[in-house]
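**Q** I'd like to ask some things about the structure below.
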Amino acid sequence: MAPRQVTRNQLADVVRAALGGGRRLEAVERLAGGSRKGVCRLTLDDATTVIAYLWERSENYWPTSESDDDIRCPFSPGVGLDLFEAAHARLAALGLRVPEIHLTDRTRTRYPADLALVEDFPGESLLDLRERDPHGAAASVVRLADALTAMAGHRGPTFGKVALVDGGGTSRGTSCEAAAFDFARRCLTEAAARDRRIADAHDRLEQRLRELLAAVRPRAEYAVVHGELGFDHVLLDRDGNPVLIDIEDLMYFDVEWEHVFLRLRHPAEYYRPLAVEGLDEDRLALYTLTQRLSLTAGPLRLLEGDFADREFMRAVAAHHSAEAVALVATD
């Protein structure tokens, strides 16, 4: 489904409600990269800008799946204003920099979707800066490490999405590792249906998942985890402080989940300043294979929709498929 065209007239009333009548909306620019919500930069008549998040079905490129609306599944897709607001509140309470919220609106009287108008950071992402000027990015990376320390140091009462847990709910499953194992098996089934290498290695991959789960020792310490924290999901304010975005998947979970994603997402020299001691190697091993399977199954499912950057997604799926199979390769 192609995203709805977003026009200046459609969002003019939203801007007035958020910022008052003294400024006028001049232009709307759709920003690339989002796959579950629309993201637009709104330029006002005084040249200031804000960002509009639009949660509408036409903005979500993902084909529907069985667990999409099950907030009790820690790995269900983070879609919606409720998840955004809960994640924003939790991160702000920890003292982390997140975009200021100017307005949220569920009425659909101003625009035909739930929306949020938030602070804009129109400069580079931390990834862009790190690639352009590693030395200049160093201080911001250190501050990101401090933010991760704050997130890892906060304990939730149980595991699951922050929106669920902070609201008094509980997730399905008995533990982080059991939930990850179930998720990995679903991803394995999905990937095997679309990828020949995964299909050929299916039984070995499933057996390896069972072995990795059996090696994990019980633990009940649930940290705040972004879920997809790459440098591209970190913007920078004027002082170089990291600003976390794409936060709807925020959850209480094993801190190892975060560090596996960072390791898979970035070269070793990018990750090194964020590394911490004391991570559980057995959990790292289980979550590495789980995320390899997820990063195969997810992009292949996304390609069944209208997502534009198809070559990139094919490359992601092919890379992680090969890496997953390599973990169970036989001589």
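Chain lettering (A, B, ...) mirrors the order of the structure tokens, residue numbering begins at 1 for each chain separately, and ligand numbering begins at 1 in order of display.
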When DSSP is applied to the backbone of this structure, which of segment 290-319 of chain A are assigned alpha helix (DSSP H)? Write them out as a ChimeraX atom specification.

**A** /A:290-302,310-319

**Q** Would you output that residue set with N, CA, C and O atoms, as a PDB file, in the first residue's frame?

**A**
```
ATOM      1  N   THR A 290      19.167 -15.771  17.374  1.00  0.00           N
ATOM      2  CA  THR A 290      17.797 -15.277  17.267  1.00  0.00           C
ATOM      3  C   THR A 290      17.724 -14.045  16.369  1.00  0.00           C
ATOM      4  O   THR A 290      16.865 -13.953  15.477  1.00  0.00           O
ATOM      5  N   GLN A 291      18.630 -13.103  16.581  1.00  0.00           N
ATOM      6  CA  GLN A 291      18.580 -11.883  15.777  1.00  0.00           C
ATOM      7  C   GLN A 291      19.030 -12.126  14.342  1.00  0.00           C
ATOM      8  O   GLN A 291      18.538 -11.471  13.415  1.00  0.00           O
ATOM      9  N   ARG A 292      19.946 -13.056  14.130  1.00  0.00           N
ATOM     10  CA  ARG A 292      20.289 -13.418  12.748  1.00  0.00           C
ATOM     11  C   ARG A 292      19.035 -13.914  12.010  1.00  0.00           C
ATOM     12  O   ARG A 292      18.778 -13.543  10.862  1.00  0.00           O
ATOM     13  N   LEU A 293      18.260 -14.754  12.666  1.00  0.00           N
ATOM     14  CA  LEU A 293      17.044 -15.288  12.040  1.00  0.00           C
ATOM     15  C   LEU A 293      15.999 -14.187  11.853  1.00  0.00           C
ATOM     16  O   LEU A 293      15.319 -14.127  10.825  1.00  0.00           O
ATOM     17  N   SER A 294      15.878 -13.307  12.846  1.00  0.00           N
ATOM     18  CA  SER A 294      14.937 -12.203  12.732  1.00  0.00           C
ATOM     19  C   SER A 294      15.309 -11.271  11.584  1.00  0.00           C
ATOM     20  O   SER A 294      14.439 -10.804  10.836  1.00  0.00           O
ATOM     21  N   LEU A 295      16.607 -11.010  11.440  1.00  0.00           N
ATOM     22  CA  LEU A 295      17.070 -10.094  10.390  1.00  0.00           C
ATOM     23  C   LEU A 295      17.121 -10.759   9.013  1.00  0.00           C
ATOM     24  O   LEU A 295      17.436 -10.098   8.018  1.00  0.00           O
ATOM     25  N   THR A 296      16.800 -12.039   8.975  1.00  0.00           N
ATOM     26  CA  THR A 296      16.533 -12.705   7.700  1.00  0.00           C
ATOM     27  C   THR A 296      15.040 -12.696   7.405  1.00  0.00           C
ATOM     28  O   THR A 296      14.598 -12.242   6.351  1.00  0.00           O
ATOM     29  N   ALA A 297      14.262 -13.159   8.380  1.00  0.00           N
ATOM     30  CA  ALA A 297      12.820 -13.278   8.157  1.00  0.00           C
ATOM     31  C   ALA A 297      12.154 -11.922   7.973  1.00  0.00           C
ATOM     32  O   ALA A 297      11.299 -11.761   7.089  1.00  0.00           O
ATOM     33  N   GLY A 298      12.522 -10.939   8.802  1.00  0.00           N
ATOM     34  CA  GLY A 298      11.868  -9.637   8.740  1.00  0.00           C
ATOM     35  C   GLY A 298      12.030  -8.951   7.393  1.00  0.00           C
ATOM     36  O   GLY A 298      11.029  -8.575   6.759  1.00  0.00           O
ATOM     37  N   PRO A 299      13.246  -8.755   6.904  1.00  0.00           N
ATOM     38  CA  PRO A 299      13.399  -8.110   5.597  1.00  0.00           C
ATOM     39  C   PRO A 299      12.721  -8.869   4.464  1.00  0.00           C
ATOM     40  O   PRO A 299      12.164  -8.254   3.546  1.00  0.00           O
ATOM     41  N   LEU A 300      12.740 -10.206   4.502  1.00  0.00           N
ATOM     42  CA  LEU A 300      12.084 -10.963   3.442  1.00  0.00           C
ATOM     43  C   LEU A 300      10.574 -10.762   3.477  1.00  0.00           C
ATOM     44  O   LEU A 300       9.920 -10.699   2.428  1.00  0.00           O
ATOM     45  N   ARG A 301      10.007 -10.647   4.671  1.00  0.00           N
ATOM     46  CA  ARG A 301       8.568 -10.365   4.757  1.00  0.00           C
ATOM     47  C   ARG A 301       8.282  -8.937   4.303  1.00  0.00           C
ATOM     48  O   ARG A 301       7.291  -8.683   3.613  1.00  0.00           O
ATOM     49  N   LEU A 302       9.154  -8.001   4.672  1.00  0.00           N
ATOM     50  CA  LEU A 302       8.968  -6.611   4.251  1.00  0.00           C
ATOM     51  C   LEU A 302       8.974  -6.488   2.733  1.00  0.00           C
ATOM     52  O   LEU A 302       8.242  -5.679   2.154  1.00  0.00           O
ATOM     53  N   ARG A 310      14.495  -1.808  -1.874  1.00  0.00           N
ATOM     54  CA  ARG A 310      14.409  -3.260  -1.930  1.00  0.00           C
ATOM     55  C   ARG A 310      15.788  -3.916  -1.977  1.00  0.00           C
ATOM     56  O   ARG A 310      15.999  -4.967  -1.366  1.00  0.00           O
ATOM     57  N   GLU A 311      16.712  -3.322  -2.691  1.00  0.00           N
ATOM     58  CA  GLU A 311      18.043  -3.918  -2.774  1.00  0.00           C
ATOM     59  C   GLU A 311      18.721  -3.945  -1.410  1.00  0.00           C
ATOM     60  O   GLU A 311      19.403  -4.915  -1.057  1.00  0.00           O
ATOM     61  N   PHE A 312      18.549  -2.890  -0.642  1.00  0.00           N
ATOM     62  CA  PHE A 312      19.117  -2.856   0.695  1.00  0.00           C
ATOM     63  C   PHE A 312      18.546  -3.975   1.553  1.00  0.00           C
ATOM     64  O   PHE A 312      19.287  -4.691   2.243  1.00  0.00           O
ATOM     65  N   MET A 313      17.227  -4.157   1.524  1.00  0.00           N
ATOM     66  CA  MET A 313      16.603  -5.195   2.346  1.00  0.00           C
ATOM     67  C   MET A 313      17.024  -6.592   1.891  1.00  0.00           C
ATOM     68  O   MET A 313      17.225  -7.492   2.701  1.00  0.00           O
ATOM     69  N   ARG A 314      17.157  -6.788   0.590  1.00  0.00           N
ATOM     70  CA  ARG A 314      17.633  -8.092   0.105  1.00  0.00           C
ATOM     71  C   ARG A 314      19.042  -8.363   0.625  1.00  0.00           C
ATOM     72  O   ARG A 314      19.368  -9.496   1.007  1.00  0.00           O
ATOM     73  N   ALA A 315      19.868  -7.335   0.633  1.00  0.00           N
ATOM     74  CA  ALA A 315      21.245  -7.502   1.109  1.00  0.00           C
ATOM     75  C   ALA A 315      21.276  -7.824   2.600  1.00  0.00           C
ATOM     76  O   ALA A 315      22.072  -8.665   3.049  1.00  0.00           O
ATOM     77  N   VAL A 316      20.423  -7.164   3.381  1.00  0.00           N
ATOM     78  CA  VAL A 316      20.351  -7.450   4.815  1.00  0.00           C
ATOM     79  C   VAL A 316      19.955  -8.904   5.044  1.00  0.00           C
ATOM     80  O   VAL A 316      20.584  -9.635   5.827  1.00  0.00           O
ATOM     81  N   ALA A 317      18.908  -9.343   4.371  1.00  0.00           N
ATOM     82  CA  ALA A 317      18.440 -10.716   4.537  1.00  0.00           C
ATOM     83  C   ALA A 317      19.501 -11.723   4.110  1.00  0.00           C
ATOM     84  O   ALA A 317      19.746 -12.722   4.801  1.00  0.00           O
ATOM     85  N   ALA A 318      20.147 -11.485   2.980  1.00  0.00           N
ATOM     86  CA  ALA A 318      21.163 -12.420   2.489  1.00  0.00           C
ATOM     87  C   ALA A 318      22.342 -12.512   3.449  1.00  0.00           C
ATOM     88  O   ALA A 318      22.863 -13.612   3.709  1.00  0.00           O
ATOM     89  N   HIS A 319      22.763 -11.381   3.983  1.00  0.00           N
ATOM     90  CA  HIS A 319      23.895 -11.381   4.916  1.00  0.00           C
ATOM     91  C   HIS A 319      23.578 -12.190   6.167  1.00  0.00           C
ATOM     92  O   HIS A 319      24.369 -13.056   6.582  1.00  0.00           O
TER      93      HIS A 319
END
```

**Q** Would you kindly return, as an NGL selection string, each protein, DNA or RNA residue with an atom no farther than 9 Å from any atom of Ala147 of chain A, considering only C-alpha atoms and excluding same-chain residues fewer than 6 positions away?

**A** :A and (94-97 or 242)

**Q** So that I can see what lies close to Ala87 of chain A, please list as a list in words the residues with an atom at most 10 Å from it, counting only C-alpha atoms and leaving out residues fewer than 4 positions away in the same chain.

**A**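 Listing them by chain and then by number gives Leu81, Asp82, Leu83, Leu91, Ala92, Ala93, Val98, Lys161, Val162, Ala163, Asp166, Val224, His226, Asp246, Ile247, Glu248, Asp249, Leu250 and Met251 of chain A.
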
**Q** Include N, CA and C atoms and write out the residues we just selected as a compact mmCIF listing (two decimals), in the first residue's frame.

**A**
```txt
# COMPACT_ATOMS: atom_id res chain seq x y z
N LEU A 81 0.86 5.29 18.85
CA LEU A 81 1.10 6.43 19.73
C LEU A 81 1.23 6.00 21.18
N ASP A 82 0.46 5.01 21.62
CA ASP A 82 0.55 4.56 23.01
C ASP A 82 1.95 4.07 23.34
N LEU A 83 2.52 3.27 22.46
CA LEU A 83 3.87 2.75 22.69
C LEU A 83 4.88 3.89 22.69
N LEU A 91 12.12 6.91 29.08
CA LEU A 91 13.46 7.41 28.78
C LEU A 91 13.68 8.79 29.39
N ALA A 92 12.66 9.66 29.32
CA ALA A 92 12.79 10.98 29.92
C ALA A 92 12.97 10.88 31.43
N ALA A 93 12.28 9.94 32.06
CA ALA A 93 12.42 9.76 33.51
C ALA A 93 13.82 9.31 33.89
N VAL A 98 15.34 12.80 24.60
CA VAL A 98 14.39 12.37 23.57
C VAL A 98 13.73 13.63 23.01
N LYS A 161 7.27 -5.17 26.83
CA LYS A 161 7.24 -3.80 26.33
C LYS A 161 6.98 -2.83 27.49
N VAL A 162 7.67 -1.71 27.45
CA VAL A 162 7.53 -0.72 28.51
C VAL A 162 6.08 -0.27 28.64
N ALA A 163 5.39 -0.09 27.51
CA ALA A 163 3.99 0.34 27.57
C ALA A 163 3.13 -0.66 28.33
N ASP A 166 4.81 -0.93 32.36
CA ASP A 166 4.56 0.26 33.17
C ASP A 166 3.07 0.48 33.40
N VAL A 224 16.20 -1.61 30.78
CA VAL A 224 15.54 -0.90 29.69
C VAL A 224 16.36 -1.08 28.42
N HIS A 226 16.40 -0.56 24.13
CA HIS A 226 15.80 0.11 22.98
C HIS A 226 15.27 -0.90 21.97
N ASP A 246 12.91 6.49 17.21
CA ASP A 246 12.37 5.16 16.88
C ASP A 246 12.32 4.29 18.13
N ILE A 247 11.62 4.79 19.13
CA ILE A 247 11.67 4.22 20.48
C ILE A 247 10.49 3.31 20.79
N GLU A 248 9.58 3.09 19.85
CA GLU A 248 8.34 2.38 20.17
C GLU A 248 8.56 0.94 20.61
N ASP A 249 9.69 0.33 20.25
CA ASP A 249 9.97 -1.05 20.66
C ASP A 249 10.64 -1.14 22.04
N LEU A 250 10.74 -0.03 22.77
CA LEU A 250 11.41 -0.03 24.07
C LEU A 250 10.78 -1.09 24.97
N MET A 251 11.63 -1.85 25.63
CA MET A 251 11.13 -2.92 26.51
C MET A 251 12.07 -3.13 27.68
```

**Q** Please provide as a ChimeraX atom specification all residues within 10 Å of Asn241 of chain A, with the sequence filter that same-chain residues fewer than 2 positions apart are discarded (counting only C-alpha atoms).

**A** /A:96-97,126,139-144,147,234-239,243-244

**Q** Would you kindly return, as a ChimeraX atom specification, each protein, DNA or RNA residue with an atom no farther than 8 Å from any atom of Thr288 of chain A, considering only C-alpha atoms and excluding same-chain residues fewer than 4 positions away?

**A** /A:260-261,284,292

**Q** Please, what distance in Å, to one decimal, runs between atom CA of Val325 of chain A and atom CA of His202 of chain A?

**A** 9.0 Å

**Q** May I have the residues within 7 Å of segment 112-120 of chain A as a tab-separated table (two decimals) with N, CA, C and O atoms, in the first residue's frame, using only C-alpha atoms and disregarding those fewer than 4 positions away in the same chain?

**A**
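Done, and the output landed in around_28.tsv:
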```tsv
chain	number	residue	atom	x	y	z
A	49	THR	N	11.57	24.31	12.30
A	49	THR	CA	11.01	23.05	11.83
A	49	THR	C	10.59	22.18	13.00
A	49	THR	O	11.13	22.28	14.11
A	50	VAL	N	9.61	21.32	12.76
A	50	VAL	CA	9.18	20.29	13.70
A	50	VAL	C	8.97	19.01	12.90
A	50	VAL	O	8.92	19.03	11.66
A	51	ILE	N	8.83	17.91	13.60
A	51	ILE	CA	8.61	16.61	12.97
A	51	ILE	C	7.21	16.11	13.30
A	51	ILE	O	6.75	16.20	14.45
A	52	ALA	N	6.54	15.57	12.30
A	52	ALA	CA	5.24	14.92	12.50
A	52	ALA	C	5.41	13.42	12.35
A	52	ALA	O	5.96	12.95	11.34
A	53	TYR	N	4.97	12.67	13.36
A	53	TYR	CA	4.88	11.22	13.29
A	53	TYR	C	3.42	10.87	13.00
A	53	TYR	O	2.51	11.34	13.71
A	54	LEU	N	3.19	10.04	12.00
A	54	LEU	CA	1.84	9.69	11.57
A	54	LEU	C	1.68	8.17	11.60
A	54	LEU	O	2.34	7.46	10.85
A	55	TRP	N	0.81	7.69	12.50
A	55	TRP	CA	0.57	6.25	12.59
A	55	TRP	C	-0.72	5.92	11.84
A	55	TRP	O	-1.82	6.07	12.35
A	56	GLU	N	-0.53	5.50	10.61
A	56	GLU	CA	-1.65	5.21	9.73
A	56	GLU	C	-1.32	3.95	8.94
A	56	GLU	O	-0.15	3.70	8.63
A	81	LEU	N	0.86	5.29	18.85
A	81	LEU	CA	1.10	6.43	19.73
A	81	LEU	C	1.23	6.00	21.18
A	81	LEU	O	2.04	6.57	21.93
A	99	PRO	N	13.17	13.56	21.79
A	99	PRO	CA	12.54	14.76	21.23
A	99	PRO	C	11.40	15.25	22.11
A	99	PRO	O	10.56	14.47	22.56
A	100	GLU	N	11.37	16.54	22.35
A	100	GLU	CA	10.26	17.14	23.10
A	100	GLU	C	8.96	16.94	22.32
A	100	GLU	O	8.93	17.10	21.09
A	101	ILE	N	7.90	16.59	23.02
A	101	ILE	CA	6.60	16.42	22.38
A	101	ILE	C	5.83	17.74	22.45
A	101	ILE	O	5.57	18.27	23.52
A	102	HIS	N	5.46	18.26	21.28
A	102	HIS	CA	4.66	19.49	21.21
A	102	HIS	C	3.16	19.17	21.28
A	102	HIS	O	2.39	19.96	21.85
A	103	LEU	N	2.77	18.04	20.70
A	103	LEU	CA	1.34	17.70	20.64
A	103	LEU	C	1.19	16.23	20.32
A	103	LEU	O	1.95	15.68	19.52
A	104	THR	N	0.24	15.57	20.97
A	104	THR	CA	-0.24	14.26	20.52
A	104	THR	C	-1.74	14.38	20.28
A	104	THR	O	-2.43	15.15	20.95
A	105	ASP	N	-2.25	13.62	19.33
A	105	ASP	CA	-3.65	13.73	18.95
A	105	ASP	C	-4.17	12.38	18.48
A	105	ASP	O	-3.67	11.82	17.51
A	106	ARG	N	-5.17	11.88	19.20
A	106	ARG	CA	-5.83	10.62	18.84
A	106	ARG	C	-7.23	10.85	18.28
A	106	ARG	O	-7.93	9.89	17.95
A	108	ARG	N	-8.30	12.23	15.54
A	108	ARG	CA	-8.43	12.11	14.08
A	108	ARG	C	-9.39	13.14	13.49
A	108	ARG	O	-9.94	12.93	12.40
```

**Q** Measure the distance from atom CA of Trp257 of chain A to atom CA of Arg272 of chain A in Å and round it to one decimal.

**A**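 About the pair atom CA of Trp257 of chain A and atom CA of Arg272 of chain A: they are 16.2 Å apart.
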
**Q** Pick out the closest residue to Ser58 of chain A from this set: A:Gly305, A:Gly227, A:Pro77, A:Gly173. Count only C-alpha atoms.

**A**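 Result for the nearest residue to Ser58 of chain A: A:Gly305.
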
**Q** Measuring between only C-alpha atoms, which one of A:Leu44, A:Asp309, A:Glu59, A:Ala184 shows the shortest distance to Gln5 of chain A?

**A**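 With only C-alpha atoms as the atom set, the closest residue is A:Glu59.
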
**Q** Pick out the closest residue to Arg41 of chain A from this set: A:Phe84, A:Asp69, A:Asp13, A:Pro122. Count only C-alpha atoms.

**A**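 Residue with the minimum atom-to-atom distance to Arg41 of chain A: A:Pro122.
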
**Q** Which is closer to Glu85 of chain A than all the others in A:Cys176, A:Glu304, A:Phe253, A:Gly167, using only C-alpha atoms?

**A**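 That would be A:Gly167, the residue with the smallest distance to Glu85 of chain A.
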
**Q** For atom CA of Arg23 of chain A and atom CA of Asp45 of chain A, quote the distance in Å rounded to one decimal.

**A**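 Straight-line distance from atom CA of Arg23 of chain A to atom CA of Asp45 of chain A works out to 6.2 Å.
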